[in-house]
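Source file: structure.pdb; contents: PDB, N, CA and C atoms and all ligand atoms.
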ATOM      1  N   MET A   1     -40.173  20.499  15.315
ATOM      2  CA  MET A   1     -38.959  20.976  15.967
ATOM      3  C   MET A   1     -37.749  20.597  15.128
ATOM      4  N   LYS A   2     -36.939  21.601  14.843
ATOM      5  CA  LYS A   2     -35.692  21.321  14.142
ATOM      6  C   LYS A   2     -34.605  21.112  15.186
ATOM      7  N   ALA A   3     -33.854  20.061  14.981
ATOM      8  CA  ALA A   3     -32.845  19.752  15.990
ATOM      9  C   ALA A   3     -31.668  19.062  15.342
ATOM     10  N   LYS A   4     -30.565  19.046  16.057
ATOM     11  CA  LYS A   4     -29.425  18.280  15.584
ATOM     12  C   LYS A   4     -28.845  17.487  16.752
ATOM     13  N   ILE A   5     -28.157  16.450  16.400
ATOM     14  CA  ILE A   5     -27.590  15.574  17.421
ATOM     15  C   ILE A   5     -26.171  16.016  17.756
ATOM     16  N   LYS A   6     -25.929  16.170  19.044
ATOM     17  CA  LYS A   6     -24.577  16.434  19.520
ATOM     18  C   LYS A   6     -24.262  15.376  20.567
ATOM     19  N   TYR A   7     -23.099  15.491  21.131
ATOM     20  CA  TYR A   7     -22.676  14.484  22.098
ATOM     21  C   TYR A   7     -22.120  15.121  23.359
ATOM     22  N   TYR A   8     -22.303  14.420  24.464
ATOM     23  CA  TYR A   8     -21.733  14.881  25.729
ATOM     24  C   TYR A   8     -21.274  13.658  26.522
ATOM     25  N   ILE A   9     -20.546  13.934  27.584
ATOM     26  CA  ILE A   9     -19.913  12.852  28.329
ATOM     27  C   ILE A   9     -20.552  12.720  29.705
ATOM     28  N   THR A  10     -20.836  11.473  30.079
ATOM     29  CA  THR A  10     -21.338  11.209  31.430
ATOM     30  C   THR A  10     -20.432  10.197  32.115
ATOM     31  N   ASP A  11     -20.580  10.113  33.434
ATOM     32  CA  ASP A  11     -19.824   9.101  34.176
ATOM     33  C   ASP A  11     -20.708   7.875  34.404
ATOM     34  N   ASP A  12     -20.206   6.934  35.187
ATOM     35  CA  ASP A  12     -20.927   5.696  35.459
ATOM     36  C   ASP A  12     -22.296   5.915  36.104
ATOM     37  N   PHE A  13     -22.428   7.042  36.780
ATOM     38  CA  PHE A  13     -23.671   7.311  37.492
ATOM     39  C   PHE A  13     -24.648   8.146  36.671
ATOM     40  N   GLY A  14     -24.283   8.414  35.422
ATOM     41  CA  GLY A  14     -25.165   9.196  34.558
ATOM     42  C   GLY A  14     -25.040  10.698  34.758
ATOM     43  N   ASN A  15     -24.042  11.102  35.554
ATOM     44  CA  ASN A  15     -23.831  12.541  35.750
ATOM     45  C   ASN A  15     -23.109  13.130  34.543
ATOM     46  N   THR A  16     -23.510  14.319  34.163
ATOM     47  CA  THR A  16     -22.843  15.004  33.060
ATOM     48  C   THR A  16     -21.467  15.480  33.521
ATOM     49  N   CYS A  17     -20.464  15.250  32.685
ATOM     50  CA  CYS A  17     -19.096  15.590  33.063
ATOM     51  C   CYS A  17     -18.567  16.767  32.246
ATOM     52  N   PHE A  18     -17.458  17.303  32.719
ATOM     53  CA  PHE A  18     -16.740  18.383  32.035
ATOM     54  C   PHE A  18     -17.653  19.577  31.747
ATOM     55  N   LYS A  19     -18.436  19.933  32.783
ATOM     56  CA  LYS A  19     -19.336  21.099  32.717
ATOM     57  C   LYS A  19     -20.277  21.033  31.522
ATOM     58  N   GLY A  20     -20.685  19.842  31.173
ATOM     59  CA  GLY A  20     -21.653  19.705  30.084
ATOM     60  C   GLY A  20     -21.094  20.042  28.719
ATOM     61  N   LYS A  21     -19.784  19.917  28.579
ATOM     62  CA  LYS A  21     -19.139  20.211  27.296
ATOM     63  C   LYS A  21     -19.804  19.424  26.164
ATOM     64  N   ILE A  22     -20.045  20.134  25.066
ATOM     65  CA  ILE A  22     -20.759  19.544  23.933
ATOM     66  C   ILE A  22     -19.782  19.261  22.785
ATOM     67  N   PHE A  23     -19.982  18.132  22.150
ATOM     68  CA  PHE A  23     -19.117  17.752  21.028
ATOM     69  C   PHE A  23     -19.938  17.560  19.760
ATOM     70  N   GLU A  24     -19.324  17.905  18.654
ATOM     71  CA  GLU A  24     -19.995  17.771  17.359
ATOM     72  C   GLU A  24     -20.142  16.309  16.957
ATOM     73  N   ASP A  25     -19.121  15.543  17.240
ATOM     74  CA  ASP A  25     -19.110  14.140  16.830
ATOM     75  C   ASP A  25     -18.825  13.228  18.013
ATOM     76  N   TYR A  26     -19.281  12.012  17.864
ATOM     77  CA  TYR A  26     -19.007  10.968  18.848
ATOM     78  C   TYR A  26     -17.490  10.806  19.022
ATOM     79  N   GLU A  27     -16.791  10.828  17.898
ATOM     80  CA  GLU A  27     -15.332  10.652  17.934
ATOM     81  C   GLU A  27     -14.642  11.812  18.640
ATOM     82  N   ASP A  28     -15.180  13.025  18.464
ATOM     83  CA  ASP A  28     -14.605  14.204  19.126
ATOM     84  C   ASP A  28     -14.626  14.045  20.644
ATOM     85  N   ALA A  29     -15.734  13.503  21.130
ATOM     86  CA  ALA A  29     -15.877  13.326  22.569
ATOM     87  C   ALA A  29     -14.828  12.347  23.095
ATOM     88  N   TRP A  30     -14.624  11.272  22.359
ATOM     89  CA  TRP A  30     -13.623  10.298  22.779
ATOM     90  C   TRP A  30     -12.214  10.863  22.675
ATOM     91  N   GLU A  31     -11.979  11.645  21.650
ATOM     92  CA  GLU A  31     -10.683  12.306  21.485
ATOM     93  C   GLU A  31     -10.377  13.171  22.716
ATOM     94  N   TYR A  32     -11.404  13.868  23.178
ATOM     95  CA  TYR A  32     -11.279  14.728  24.348
ATOM     96  C   TYR A  32     -10.904  13.896  25.582
ATOM     97  N   LEU A  33     -11.565  12.754  25.716
ATOM     98  CA  LEU A  33     -11.269  11.882  26.856
ATOM     99  C   LEU A  33      -9.842  11.332  26.787
ATOM    100  N   TYR A  34      -9.415  10.993  25.580
ATOM    101  CA  TYR A  34      -8.053  10.469  25.430
ATOM    102  C   TYR A  34      -7.014  11.533  25.749
ATOM    103  N   LEU A  35      -7.356  12.791  25.479
ATOM    104  CA  LEU A  35      -6.441  13.881  25.825
ATOM    105  C   LEU A  35      -6.438  14.138  27.334
ATOM    106  N   LYS A  36      -7.601  13.965  27.950
ATOM    107  CA  LYS A  36      -7.724  14.136  29.402
ATOM    108  C   LYS A  36      -6.974  13.047  30.147
ATOM    109  N   PHE A  37      -7.028  11.852  29.589
ATOM    110  CA  PHE A  37      -6.395  10.703  30.233
ATOM    111  C   PHE A  37      -5.426  10.043  29.262
ATOM    112  N   PRO A  38      -4.335  10.717  28.994
ATOM    113  CA  PRO A  38      -3.371  10.195  28.019
ATOM    114  C   PRO A  38      -2.617   8.989  28.571
ATOM    115  N   VAL A  39      -2.024   8.268  27.668
ATOM    116  CA  VAL A  39      -1.201   7.127  28.077
ATOM    117  C   VAL A  39      -0.016   7.651  28.885
ATOM    118  N   ILE A  40       0.204   7.052  30.035
ATOM    119  CA  ILE A  40       1.327   7.456  30.889
ATOM    120  C   ILE A  40       2.480   6.473  30.678
ATOM    121  N   TYR A  41       3.639   7.019  30.317
ATOM    122  CA  TYR A  41       4.817   6.170  30.127
ATOM    123  C   TYR A  41       5.684   6.237  31.369
ATOM    124  N   ASN A  42       5.811   5.121  32.025
ATOM    125  CA  ASN A  42       6.593   5.082  33.258
ATOM    126  C   ASN A  42       8.088   4.952  32.962
ATOM    127  N   ASP A  43       8.896   5.376  33.963
ATOM    128  CA  ASP A  43      10.351   5.328  33.822
ATOM    129  C   ASP A  43      10.872   3.907  33.594
ATOM    130  N   ASP A  44      10.162   2.945  34.144
ATOM    131  CA  ASP A  44      10.627   1.559  34.023
ATOM    132  C   ASP A  44      10.223   0.914  32.698
ATOM    133  N   GLY A  45       9.704   1.721  31.778
ATOM    134  CA  GLY A  45       9.379   1.197  30.450
ATOM    135  C   GLY A  45       7.960   0.693  30.313
ATOM    136  N   THR A  46       7.260   0.568  31.430
ATOM    137  CA  THR A  46       5.866   0.138  31.332
ATOM    138  C   THR A  46       4.995   1.345  30.999
ATOM    139  N   GLN A  47       3.779   1.088  30.594
ATOM    140  CA  GLN A  47       2.866   2.193  30.335
ATOM    141  C   GLN A  47       1.483   1.930  30.892
ATOM    142  N   ASP A  48       0.833   3.005  31.229
ATOM    143  CA  ASP A  48      -0.510   2.931  31.795
ATOM    144  C   ASP A  48      -1.438   3.672  30.846
ATOM    145  N   ASP A  49      -2.332   2.927  30.204
ATOM    146  CA  ASP A  49      -3.228   3.600  29.245
ATOM    147  C   ASP A  49      -4.500   4.145  29.914
ATOM    148  N   GLN A  50      -4.502   4.149  31.253
ATOM    149  CA  GLN A  50      -5.614   4.730  32.030
ATOM    150  C   GLN A  50      -6.972   4.157  31.620
ATOM    151  N   GLU A  51      -6.951   2.891  31.317
ATOM    152  CA  GLU A  51      -8.166   2.227  30.856
ATOM    153  C   GLU A  51      -9.296   2.310  31.885
ATOM    154  N   GLU A  52      -8.896   2.207  33.162
ATOM    155  CA  GLU A  52      -9.904   2.239  34.218
ATOM    156  C   GLU A  52     -10.649   3.575  34.235
ATOM    157  N   GLU A  53      -9.879   4.647  34.092
ATOM    158  CA  GLU A  53     -10.492   5.985  34.045
ATOM    159  C   GLU A  53     -11.407   6.099  32.826
ATOM    160  N   LEU A  54     -10.867   5.713  31.689
ATOM    161  CA  LEU A  54     -11.624   5.850  30.435
ATOM    162  C   LEU A  54     -12.894   5.014  30.450
ATOM    163  N   ASN A  55     -12.830   3.852  31.084
ATOM    164  CA  ASN A  55     -13.999   2.976  31.131
ATOM    165  C   ASN A  55     -15.115   3.504  32.018
ATOM    166  N   SER A  56     -14.828   4.537  32.796
ATOM    167  CA  SER A  56     -15.859   5.076  33.680
ATOM    168  C   SER A  56     -16.625   6.226  33.022
ATOM    169  N   TYR A  57     -16.301   6.484  31.747
ATOM    170  CA  TYR A  57     -17.009   7.552  31.030
ATOM    171  C   TYR A  57     -17.810   6.998  29.863
ATOM    172  N   TRP A  58     -18.876   7.722  29.560
ATOM    173  CA  TRP A  58     -19.765   7.325  28.470
ATOM    174  C   TRP A  58     -20.033   8.537  27.601
ATOM    175  N   VAL A  59     -20.142   8.300  26.315
ATOM    176  CA  VAL A  59     -20.504   9.381  25.399
ATOM    177  C   VAL A  59     -21.962   9.187  25.012
ATOM    178  N   GLU A  60     -22.771  10.191  25.323
ATOM    179  CA  GLU A  60     -24.212  10.108  25.101
ATOM    180  C   GLU A  60     -24.665  11.086  24.025
ATOM    181  N   GLU A  61     -25.740  10.713  23.367
ATOM    182  CA  GLU A  61     -26.319  11.608  22.366
ATOM    183  C   GLU A  61     -27.143  12.700  23.036
ATOM    184  N   LEU A  62     -27.136  13.855  22.399
ATOM    185  CA  LEU A  62     -27.890  14.978  22.918
ATOM    186  C   LEU A  62     -28.602  15.641  21.748
ATOM    187  N   THR A  63     -29.900  15.824  21.884
ATOM    188  CA  THR A  63     -30.653  16.488  20.817
ATOM    189  C   THR A  63     -30.771  17.968  21.144
ATOM    190  N   ILE A  64     -30.244  18.787  20.274
ATOM    191  CA  ILE A  64     -30.272  20.234  20.504
ATOM    192  C   ILE A  64     -31.211  20.902  19.510
ATOM    193  N   THR A  65     -32.107  21.682  20.043
ATOM    194  CA  THR A  65     -33.045  22.431  19.206
ATOM    195  C   THR A  65     -32.302  23.543  18.467
ATOM    196  N   THR A  66     -32.540  23.644  17.180
ATOM    197  CA  THR A  66     -31.865  24.686  16.404
ATOM    198  C   THR A  66     -32.841  25.744  15.900
ATOM    199  N   GLU A  67     -34.119  25.481  16.110
ATOM    200  CA  GLU A  67     -35.129  26.463  15.711
ATOM    201  C   GLU A  67     -36.183  26.522  16.808
ATOM    202  N   CYS A  68     -36.556  27.734  17.169
ATOM    203  CA  CYS A  68     -37.521  27.913  18.254
ATOM    204  C   CYS A  68     -38.866  27.275  17.893
ATOM    205  N   ASP A  69     -39.407  26.499  18.835
ATOM    206  CA  ASP A  69     -40.706  25.856  18.627
ATOM    207  C   ASP A  69     -41.835  26.876  18.551
ATOM    208  N   TYR A  70     -41.630  28.027  19.150
ATOM    209  CA  TYR A  70     -42.713  29.008  19.285
ATOM    210  C   TYR A  70     -42.706  30.075  18.201
ATOM    211  N   CYS A  71     -41.524  30.640  17.913
ATOM    212  CA  CYS A  71     -41.493  31.747  16.943
ATOM    213  C   CYS A  71     -40.660  31.418  15.697
ATOM    214  N   LYS A  72     -40.129  30.195  15.646
ATOM    215  CA  LYS A  72     -39.346  29.717  14.501
ATOM    216  C   LYS A  72     -38.028  30.465  14.290
ATOM    217  N   SER A  73     -37.621  31.213  15.286
ATOM    218  CA  SER A  73     -36.340  31.903  15.213
ATOM    219  C   SER A  73     -35.211  30.868  15.323
ATOM    220  N   THR A  74     -34.088  31.181  14.713
ATOM    221  CA  THR A  74     -32.938  30.283  14.857
ATOM    222  C   THR A  74     -31.938  30.833  15.878
ATOM    223  N   GLU A  75     -32.358  31.896  16.583
ATOM    224  CA  GLU A  75     -31.515  32.478  17.629
ATOM    225  C   GLU A  75     -31.661  31.683  18.925
ATOM    226  N   VAL A  76     -31.409  30.407  18.801
ATOM    227  CA  VAL A  76     -31.589  29.515  19.932
ATOM    228  C   VAL A  76     -30.212  29.083  20.446
ATOM    229  N   THR A  77     -29.999  29.300  21.722
ATOM    230  CA  THR A  77     -28.714  28.890  22.287
ATOM    231  C   THR A  77     -28.917  27.832  23.357
ATOM    232  N   TYR A  78     -28.051  26.895  23.342
ATOM    233  CA  TYR A  78     -28.137  25.786  24.278
ATOM    234  C   TYR A  78     -27.420  26.140  25.578
ATOM    235  N   ASN A  79     -28.094  25.935  26.686
ATOM    236  CA  ASN A  79     -27.490  26.171  27.988
ATOM    237  C   ASN A  79     -27.029  24.833  28.578
ATOM    238  N   GLN A  80     -25.729  24.708  28.727
ATOM    239  CA  GLN A  80     -25.152  23.434  29.143
ATOM    240  C   GLN A  80     -25.496  23.061  30.574
ATOM    241  N   LEU A  81     -25.679  24.058  31.416
ATOM    242  CA  LEU A  81     -25.923  23.779  32.827
ATOM    243  C   LEU A  81     -27.293  23.180  33.078
ATOM    244  N   ILE A  82     -28.304  23.722  32.404
ATOM    245  CA  ILE A  82     -29.648  23.195  32.647
ATOM    246  C   ILE A  82     -30.131  22.318  31.502
ATOM    247  N   MET A  83     -29.294  22.143  30.506
ATOM    248  CA  MET A  83     -29.568  21.259  29.383
ATOM    249  C   MET A  83     -30.893  21.586  28.710
ATOM    250  N   ASP A  84     -31.076  22.842  28.409
ATOM    251  CA  ASP A  84     -32.256  23.271  27.663
ATOM    252  C   ASP A  84     -31.829  24.434  26.764
ATOM    253  N   SER A  85     -32.633  24.691  25.746
ATOM    254  CA  SER A  85     -32.295  25.757  24.802
ATOM    255  C   SER A  85     -33.186  26.970  25.016
ATOM    256  N   TYR A  86     -32.583  28.124  24.850
ATOM    257  CA  TYR A  86     -33.275  29.380  25.085
ATOM    258  C   TYR A  86     -33.338  30.186  23.797
ATOM    259  N   CYS A  87     -34.518  30.707  23.496
ATOM    260  CA  CYS A  87     -34.679  31.534  22.306
ATOM    261  C   CYS A  87     -34.523  32.997  22.695
ATOM    262  N   SER A  88     -33.552  33.659  22.085
ATOM    263  CA  SER A  88     -33.317  35.053  22.459
ATOM    264  C   SER A  88     -34.279  36.002  21.755
ATOM    265  N   ASP A  89     -35.059  35.511  20.809
ATOM    266  CA  ASP A  89     -36.053  36.373  20.164
ATOM    267  C   ASP A  89     -37.349  36.448  20.959
ATOM    268  N   CYS A  90     -37.903  35.323  21.345
ATOM    269  CA  CYS A  90     -39.161  35.363  22.108
ATOM    270  C   CYS A  90     -38.955  35.102  23.597
ATOM    271  N   GLY A  91     -37.712  34.758  23.969
ATOM    272  CA  GLY A  91     -37.405  34.606  25.388
ATOM    273  C   GLY A  91     -37.980  33.372  26.049
ATOM    274  N   ARG A  92     -38.234  32.328  25.266
ATOM    275  CA  ARG A  92     -38.804  31.117  25.865
ATOM    276  C   ARG A  92     -37.817  29.968  25.847
ATOM    277  N   TRP A  93     -37.943  29.131  26.864
ATOM    278  CA  TRP A  93     -37.171  27.903  26.912
ATOM    279  C   TRP A  93     -37.914  26.852  26.108
ATOM    280  N   GLN A  94     -37.167  25.997  25.446
ATOM    281  CA  GLN A  94     -37.782  25.055  24.517
ATOM    282  C   GLN A  94     -38.446  23.855  25.196
ATOM    283  N   GLU A  95     -38.033  23.547  26.407
ATOM    284  CA  GLU A  95     -38.606  22.366  27.078
ATOM    285  C   GLU A  95     -39.824  22.704  27.920
ATOM    286  N   ASP A  96     -40.338  23.922  27.822
ATOM    287  CA  ASP A  96     -41.512  24.324  28.614
ATOM    288  C   ASP A  96     -42.710  23.453  28.303
TER     289      ASP A  96
HETATM  290 ZN    ZN B 101     -38.632  31.984  19.944
END

Before anything else, please render the file you have as structure tokens.
Amino acid sequence: MKAKIKYYITDDFGNTCFKGKIFEDYEDAWEYLYLKFPVIYNDDGTQDDQEEELNSYWVEELTITTECDYCKSTEVTYNQLIMDSYCSDCGRWQED
């Protein structure tokens, strides 16, 4: 099986977050979180770096199949909702 590593975000309970959004790099995923929860600058000069929010997320590795196990086609697309890859040439799911 040919595969590559991507990254996705989960919460404290291991649930996939942000509709299973996939990131190329570990750093990309964190960048996304920092944009989601930016530092808040209060009027009184204090700031809130939303550490509590950020600490409730985890960046996990995800192995994505890039070549069909059955027909060796590279027309494999990853479905974020069910976290499996589908080959559009032979019509099979890779985790079968
Ligand atoms: Zn196939």

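Nearest residue to Phe37 (chain A), choosing from A:Glu24, A:Glu51, A:Glu60, A:Asp89 and counting all atoms listed in the file: A:Glu51.
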
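Taking atom N of Ser56 (chain A) and atom N of Phe13 (chain A) as endpoints, the distance between them is 8.9 Å.
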
task: State, in Å with one decimal place, the distance from atom C of Glu95 (chain A) to atom N of Asp69 (chain A).
output: 9.9 Å

Could you list, as a PDB file with N, CA and C atoms, keeping the file's coordinate frame, all the residues within 7 Å of ligand ZN 101 (chain B), counting all atoms listed in the file?
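The resulting file, out21.pdb, is shown below:
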ATOM      1  N   GLU A  67     -34.119  25.481  16.110  1.00  0.00           N
ATOM      2  CA  GLU A  67     -35.129  26.463  15.711  1.00  0.00           C
ATOM      3  C   GLU A  67     -36.183  26.522  16.808  1.00  0.00           C
ATOM      4  N   CYS A  68     -36.556  27.734  17.169  1.00  0.00           N
ATOM      5  CA  CYS A  68     -37.521  27.913  18.254  1.00  0.00           C
ATOM      6  C   CYS A  68     -38.866  27.275  17.893  1.00  0.00           C
ATOM      7  N   ASP A  69     -39.407  26.499  18.835  1.00  0.00           N
ATOM      8  CA  ASP A  69     -40.706  25.856  18.627  1.00  0.00           C
ATOM      9  C   ASP A  69     -41.835  26.876  18.551  1.00  0.00           C
ATOM     10  N   TYR A  70     -41.630  28.027  19.150  1.00  0.00           N
ATOM     11  CA  TYR A  70     -42.713  29.008  19.285  1.00  0.00           C
ATOM     12  C   TYR A  70     -42.706  30.075  18.201  1.00  0.00           C
ATOM     13  N   CYS A  71     -41.524  30.640  17.913  1.00  0.00           N
ATOM     14  CA  CYS A  71     -41.493  31.747  16.943  1.00  0.00           C
ATOM     15  C   CYS A  71     -40.660  31.418  15.697  1.00  0.00           C
ATOM     16  N   LYS A  72     -40.129  30.195  15.646  1.00  0.00           N
ATOM     17  CA  LYS A  72     -39.346  29.717  14.501  1.00  0.00           C
ATOM     18  C   LYS A  72     -38.028  30.465  14.290  1.00  0.00           C
ATOM     19  N   SER A  73     -37.621  31.213  15.286  1.00  0.00           N
ATOM     20  CA  SER A  73     -36.340  31.903  15.213  1.00  0.00           C
ATOM     21  C   SER A  73     -35.211  30.868  15.323  1.00  0.00           C
ATOM     22  N   THR A  74     -34.088  31.181  14.713  1.00  0.00           N
ATOM     23  CA  THR A  74     -32.938  30.283  14.857  1.00  0.00           C
ATOM     24  C   THR A  74     -31.938  30.833  15.878  1.00  0.00           C
ATOM     25  N   TYR A  86     -32.583  28.124  24.850  1.00  0.00           N
ATOM     26  CA  TYR A  86     -33.275  29.380  25.085  1.00  0.00           C
ATOM     27  C   TYR A  86     -33.338  30.186  23.797  1.00  0.00           C
ATOM     28  N   CYS A  87     -34.518  30.707  23.496  1.00  0.00           N
ATOM     29  CA  CYS A  87     -34.679  31.534  22.306  1.00  0.00           C
ATOM     30  C   CYS A  87     -34.523  32.997  22.695  1.00  0.00           C
ATOM     31  N   SER A  88     -33.552  33.659  22.085  1.00  0.00           N
ATOM     32  CA  SER A  88     -33.317  35.053  22.459  1.00  0.00           C
ATOM     33  C   SER A  88     -34.279  36.002  21.755  1.00  0.00           C
ATOM     34  N   ASP A  89     -35.059  35.511  20.809  1.00  0.00           N
ATOM     35  CA  ASP A  89     -36.053  36.373  20.164  1.00  0.00           C
ATOM     36  C   ASP A  89     -37.349  36.448  20.959  1.00  0.00           C
ATOM     37  N   CYS A  90     -37.903  35.323  21.345  1.00  0.00           N
ATOM     38  CA  CYS A  90     -39.161  35.363  22.108  1.00  0.00           C
ATOM     39  C   CYS A  90     -38.955  35.102  23.597  1.00  0.00           C
ATOM     40  N   GLY A  91     -37.712  34.758  23.969  1.00  0.00           N
ATOM     41  CA  GLY A  91     -37.405  34.606  25.388  1.00  0.00           C
ATOM     42  C   GLY A  91     -37.980  33.372  26.049  1.00  0.00           C
ATOM     43  N   ARG A  92     -38.234  32.328  25.266  1.00  0.00           N
ATOM     44  CA  ARG A  92     -38.804  31.117  25.865  1.00  0.00           C
ATOM     45  C   ARG A  92     -37.817  29.968  25.847  1.00  0.00           C
TER      46      ARG A  92
END

field: Distance in Å - CA of Glu61 (chain A) versus CA of Asp49 (chain A)
entry: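 So the two atoms, CA of Glu61 (chain A) and CA of Asp49 (chain A), lie 25.4 Å apart.
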
Taking the DSSP secondary structure from the backbone, can you list the residues of chain A that are strand (DSSP E), as a tab-separated table (two decimals) with N, CA and C atoms, in the coordinates of the input?
chain	number	residue	atom	x	y	z
A	3	ALA	N	-33.85	20.06	14.98
A	3	ALA	CA	-32.84	19.75	15.99
A	3	ALA	C	-31.67	19.06	15.34
A	4	LYS	N	-30.56	19.05	16.06
A	4	LYS	CA	-29.42	18.28	15.58
A	4	LYS	C	-28.84	17.49	16.75
A	5	ILE	N	-28.16	16.45	16.40
A	5	ILE	CA	-27.59	15.57	17.42
A	5	ILE	C	-26.17	16.02	17.76
A	6	LYS	N	-25.93	16.17	19.04
A	6	LYS	CA	-24.58	16.43	19.52
A	6	LYS	C	-24.26	15.38	20.57
A	7	TYR	N	-23.10	15.49	21.13
A	7	TYR	CA	-22.68	14.48	22.10
A	7	TYR	C	-22.12	15.12	23.36
A	8	TYR	N	-22.30	14.42	24.46
A	8	TYR	CA	-21.73	14.88	25.73
A	8	TYR	C	-21.27	13.66	26.52
A	9	ILE	N	-20.55	13.93	27.58
A	9	ILE	CA	-19.91	12.85	28.33
A	9	ILE	C	-20.55	12.72	29.70
A	10	THR	N	-20.84	11.47	30.08
A	10	THR	CA	-21.34	11.21	31.43
A	10	THR	C	-20.43	10.20	32.12
A	11	ASP	N	-20.58	10.11	33.43
A	11	ASP	CA	-19.82	9.10	34.18
A	11	ASP	C	-20.71	7.88	34.40
A	40	ILE	N	0.20	7.05	30.04
A	40	ILE	CA	1.33	7.46	30.89
A	40	ILE	C	2.48	6.47	30.68
A	41	TYR	N	3.64	7.02	30.32
A	41	TYR	CA	4.82	6.17	30.13
A	41	TYR	C	5.68	6.24	31.37
A	47	GLN	N	3.78	1.09	30.59
A	47	GLN	CA	2.87	2.19	30.34
A	47	GLN	C	1.48	1.93	30.89
A	48	ASP	N	0.83	3.00	31.23
A	48	ASP	CA	-0.51	2.93	31.80
A	48	ASP	C	-1.44	3.67	30.85
A	57	TYR	N	-16.30	6.48	31.75
A	57	TYR	CA	-17.01	7.55	31.03
A	57	TYR	C	-17.81	7.00	29.86
A	58	TRP	N	-18.88	7.72	29.56
A	58	TRP	CA	-19.76	7.32	28.47
A	58	TRP	C	-20.03	8.54	27.60
A	59	VAL	N	-20.14	8.30	26.32
A	59	VAL	CA	-20.50	9.38	25.40
A	59	VAL	C	-21.96	9.19	25.01
A	60	GLU	N	-22.77	10.19	25.32
A	60	GLU	CA	-24.21	10.11	25.10
A	60	GLU	C	-24.66	11.09	24.02
A	61	GLU	N	-25.74	10.71	23.37
A	61	GLU	CA	-26.32	11.61	22.37
A	61	GLU	C	-27.14	12.70	23.04
A	62	LEU	N	-27.14	13.86	22.40
A	62	LEU	CA	-27.89	14.98	22.92
A	62	LEU	C	-28.60	15.64	21.75
A	63	THR	N	-29.90	15.82	21.88
A	63	THR	CA	-30.65	16.49	20.82
A	63	THR	C	-30.77	17.97	21.14
A	64	ILE	N	-30.24	18.79	20.27
A	64	ILE	CA	-30.27	20.23	20.50
A	64	ILE	C	-31.21	20.90	19.51
A	65	THR	N	-32.11	21.68	20.04
A	65	THR	CA	-33.04	22.43	19.21
A	65	THR	C	-32.30	23.54	18.47
A	76	VAL	N	-31.41	30.41	18.80
A	76	VAL	CA	-31.59	29.52	19.93
A	76	VAL	C	-30.21	29.08	20.45
A	77	THR	N	-30.00	29.30	21.72
A	77	THR	CA	-28.71	28.89	22.29
A	77	THR	C	-28.92	27.83	23.36
A	78	TYR	N	-28.05	26.90	23.34
A	78	TYR	CA	-28.14	25.79	24.28
A	78	TYR	C	-27.42	26.14	25.58
A	79	ASN	N	-28.09	25.94	26.69
A	79	ASN	CA	-27.49	26.17	27.99
A	79	ASN	C	-27.03	24.83	28.58
A	84	ASP	N	-31.08	22.84	28.41
A	84	ASP	CA	-32.26	23.27	27.66
A	84	ASP	C	-31.83	24.43	26.76
A	85	SER	N	-32.63	24.69	25.75
A	85	SER	CA	-32.30	25.76	24.80
A	85	SER	C	-33.19	26.97	25.02
A	86	TYR	N	-32.58	28.12	24.85
A	86	TYR	CA	-33.28	29.38	25.08
A	86	TYR	C	-33.34	30.19	23.80
A	87	CYS	N	-34.52	30.71	23.50
A	87	CYS	CA	-34.68	31.53	22.31
A	87	CYS	C	-34.52	33.00	22.70

- prompt: Trp58 (chain A): which residues within 7 Å, counting only C-alpha atoms, same-chain residues fewer than 3 positions away excluded, as a ChimeraX atom specification?
  reply: /A:9-11

Using all atoms of region 12-23 of chain A listed in the file and a margin of 3 Å per side, can you give the axis-aligned box centre and edge lengths in Å to one decimal, as JSON?
{"center_x": -21.0, "center_y": 13.4, "center_z": 28.6, "size_x": 14.4, "size_y": 21.4, "size_z": 23.7}

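Comparing the minimum interatomic distances between Gly20 (chain A) and each of A:Gln94, A:Val59, A:Leu81, A:Tyr41, counting only N, CA and C atoms, we find that A:Leu81 sits nearest.
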
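Residues with at least one atom no more than 7 Å from (-30.1, 17.6, 21.4), using all atoms listed in the file, are Ala3, Lys4, Ile5, Lys6, Glu61, Leu62, Thr63, Ile64 and Thr65 of chain A.
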
- prompt: Can you list every residue in chain A that DSSP puts in alpha helix (DSSP H), as a list in words?
  reply: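 Secondary structure check on chain A, alpha helix (DSSP H): Tyr26, Glu27, Asp28, Ala29, Trp30, Glu31, Tyr32, Leu33, Tyr34, Leu35, Lys36, Glu51, Glu52, Glu53 and Leu54 of chain A.
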